[in-house]
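One file, protein_28.pdb, is given below (PDB, C-alpha atoms).
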```pdb
ATOM      1  CA  MET M  19     140.530 105.052 167.556  1.00  0.00           C
ATOM      2  CA  ALA M  20     140.788 106.081 163.929  1.00  0.00           C
ATOM      3  CA  LEU M  21     144.218 107.559 164.592  1.00  0.00           C
ATOM      4  CA  LEU M  22     145.455 104.291 166.110  1.00  0.00           C
ATOM      5  CA  SER M  23     144.143 102.231 163.225  1.00  0.00           C
ATOM      6  CA  PHE M  24     145.773 104.662 160.806  1.00  0.00           C
ATOM      7  CA  LEU M  25     149.141 104.455 162.575  1.00  0.00           C
ATOM      8  CA  PHE M  26     149.181 100.709 163.062  1.00  0.00           C
ATOM      9  CA  ASN M  27     147.474  99.565 159.869  1.00  0.00           C
ATOM     10  CA  SER M  28     150.303  97.797 158.068  1.00  0.00           C
ATOM     11  CA  LYS M  29     148.228  96.521 155.132  1.00  0.00           C
ATOM     12  CA  PRO M  30     148.597  98.790 152.108  1.00  0.00           C
ATOM     13  CA  LYS M  31     145.408  99.781 150.292  1.00  0.00           C
ATOM     14  CA  THR M  32     146.286  98.290 146.915  1.00  0.00           C
ATOM     15  CA  ALA M  33     142.858  96.940 145.998  1.00  0.00           C
ATOM     16  CA  ASN M  34     141.616 100.292 144.687  1.00  0.00           C
ATOM     17  CA  THR M  35     144.833 100.882 142.756  1.00  0.00           C
ATOM     18  CA  ALA M  36     144.620  97.434 141.181  1.00  0.00           C
ATOM     19  CA  LYS M  37     140.960  97.997 140.309  1.00  0.00           C
ATOM     20  CA  GLU M  38     141.743 101.316 138.587  1.00  0.00           C
ATOM     21  CA  ARG M  39     144.595  99.770 136.608  1.00  0.00           C
ATOM     22  CA  LEU M  40     142.399  96.889 135.518  1.00  0.00           C
ATOM     23  CA  GLN M  41     139.708  99.297 134.350  1.00  0.00           C
ATOM     24  CA  ILE M  42     142.274 101.141 132.252  1.00  0.00           C
ATOM     25  CA  ILE M  43     143.503  97.878 130.717  1.00  0.00           C
ATOM     26  CA  ILE M  44     139.976  96.705 129.950  1.00  0.00           C
ATOM     27  CA  ALA M  45     139.034 100.063 128.404  1.00  0.00           C
ATOM     28  CA  ARG M  46     142.202  99.972 126.303  1.00  0.00           C
ATOM     29  CA  GLU M  47     141.427  96.473 125.051  1.00  0.00           C
ATOM     30  CA  ARG M  48     137.829  97.427 124.226  1.00  0.00           C
ATOM     31  CA  ILE M  49     138.855 100.201 121.880  1.00  0.00           C
ATOM     32  CA  GLY M  50     141.504  97.985 120.353  1.00  0.00           C
ATOM     33  CA  ARG M  51     145.109  98.726 119.644  1.00  0.00           C
ATOM     34  CA  ASP M  52     144.242 100.612 116.476  1.00  0.00           C
ATOM     35  CA  GLY M  53     141.826 102.987 118.214  1.00  0.00           C
ATOM     36  CA  TYR M  54     143.899 106.145 118.617  1.00  0.00           C
ATOM     37  CA  ASP M  55     140.916 108.407 119.212  1.00  0.00           C
ATOM     38  CA  PHE M  56     142.727 110.441 121.863  1.00  0.00           C
ATOM     39  CA  LEU M  57     145.390 111.820 119.504  1.00  0.00           C
ATOM     40  CA  PRO M  58     143.366 114.756 118.084  1.00  0.00           C
ATOM     41  CA  ALA M  59     142.357 115.861 121.591  1.00  0.00           C
ATOM     42  CA  LEU M  60     145.940 115.487 122.813  1.00  0.00           C
ATOM     43  CA  ARG M  61     147.194 117.612 119.912  1.00  0.00           C
ATOM     44  CA  GLU M  62     144.668 120.361 120.665  1.00  0.00           C
ATOM     45  CA  GLU M  63     145.646 120.393 124.342  1.00  0.00           C
ATOM     46  CA  LEU M  64     149.329 120.583 123.422  1.00  0.00           C
ATOM     47  CA  ILE M  65     148.630 123.529 121.127  1.00  0.00           C
ATOM     48  CA  ALA M  66     146.792 125.308 123.949  1.00  0.00           C
ATOM     49  CA  VAL M  67     149.572 124.732 126.476  1.00  0.00           C
ATOM     50  CA  ILE M  68     152.434 125.662 124.139  1.00  0.00           C
ATOM     51  CA  SER M  69     150.547 128.766 123.016  1.00  0.00           C
ATOM     52  CA  LYS M  70     150.573 130.016 126.604  1.00  0.00           C
ATOM     53  CA  TYR M  71     154.362 130.324 126.442  1.00  0.00           C
ATOM     54  CA  THR M  72     155.180 131.105 122.816  1.00  0.00           C
ATOM     55  CA  LYS M  73     153.486 131.873 119.537  1.00  0.00           C
ATOM     56  CA  VAL M  74     153.328 128.658 117.553  1.00  0.00           C
ATOM     57  CA  ASN M  75     151.690 127.629 114.305  1.00  0.00           C
ATOM     58  CA  PRO M  76     149.244 124.768 115.009  1.00  0.00           C
ATOM     59  CA  ASP M  77     150.403 123.082 111.787  1.00  0.00           C
ATOM     60  CA  ASP M  78     153.899 122.837 113.302  1.00  0.00           C
ATOM     61  CA  ILE M  79     152.756 120.396 116.004  1.00  0.00           C
ATOM     62  CA  LYS M  80     152.648 116.750 114.964  1.00  0.00           C
ATOM     63  CA  VAL M  81     151.489 113.915 117.227  1.00  0.00           C
ATOM     64  CA  SER M  82     151.698 110.271 116.233  1.00  0.00           C
ATOM     65  CA  LEU M  83     151.537 106.899 117.911  1.00  0.00           C
ATOM     66  CA  ASP M  84     153.638 104.114 116.435  1.00  0.00           C
ATOM     67  CA  ARG M  85     153.873 100.463 117.345  1.00  0.00           C
ATOM     68  CA  GLN M  86     157.339  98.932 117.726  1.00  0.00           C
ATOM     69  CA  GLY M  87     156.980  95.296 118.683  1.00  0.00           C
ATOM     70  CA  ASN M  88     155.053  95.134 121.941  1.00  0.00           C
ATOM     71  CA  LEU M  89     155.639  98.823 122.642  1.00  0.00           C
ATOM     72  CA  GLU M  90     153.695 101.862 121.592  1.00  0.00           C
ATOM     73  CA  VAL M  91     155.716 105.032 121.072  1.00  0.00           C
ATOM     74  CA  LEU M  92     154.094 108.451 121.335  1.00  0.00           C
ATOM     75  CA  ASP M  93     155.978 110.906 119.132  1.00  0.00           C
ATOM     76  CA  VAL M  94     155.385 114.630 119.622  1.00  0.00           C
ATOM     77  CA  ASN M  95     157.208 116.934 117.222  1.00  0.00           C
ATOM     78  CA  VAL M  96     156.960 120.690 117.822  1.00  0.00           C
ATOM     79  CA  ILE M  97     158.640 123.231 115.564  1.00  0.00           C
ATOM     80  CA  LEU M  98     159.144 126.377 117.603  1.00  0.00           C
ATOM     81  CA  PRO M  99     159.542 129.761 115.935  1.00  0.00           C
ATOM     82  CA  GLU M 100     163.037 131.199 115.769  1.00  0.00           C
ATOM     83  CA  MET M 101     163.834 133.581 118.579  1.00  0.00           C
ATOM     84  CA  ASP M 102     164.988 137.098 117.716  1.00  0.00           C
ATOM     85  CA  THR M 103     168.339 137.402 119.506  1.00  0.00           C
ATOM     86  CA  ARG M 104     168.839 141.041 118.569  1.00  0.00           C
ATOM     87  CA  SER M 105     168.652 143.399 121.544  1.00  0.00           C
TER      88      SER M 105
END
```
Kindly return the structure encoded in the file as structure tokens.
Amino acid sequence: MALLSFLFNSKPKTANTAKERLQIIIARERIGRDGYDFLPALREELIAVISKYTKVNPDDIKVSLDRQGNLEVLDVNVILPEMDTRS
């Protein structure tokens, strides 16, 4: 029976998706638009990931969040070391 209900259930399960999105919106509003507490953690994670592929100076990775009207723009600037092209 479960297979039949799965095949013929035409109603999408959007209630859980809507609930999760609402929780994100509410959490975002609680910390306020000026609460950019995630940026230091994001920067550290970026350093860890980039370091897996190339040697990079942690001071050469800049992360900022700017507001432009109703939009927020995440700016990630990474200065990679010059590659030695000599063979």
| task | Quick one: pull the distance between CA of Pro99 in chain M and CA of Ala59 in chain M, Å, one decimal. | result | 22.8 Å
| request: Take CA of Tyr71 in chain M and CA of Glu100 in chain M and report the distance between them in Å, one decimal. | output: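 Going from CA of Tyr71 in chain M over to CA of Glu100 in chain M covers 13.8 Å.
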| said: Can you translate the PyMOL selection byres ((chain M and resi 85-97) around 12) into the concrete residues it hits in this file, as an MDAnalysis selection string? | reply: chainID M and resid 51:52 54 56:57 60:61 64:65 68:69 72:84 98:101
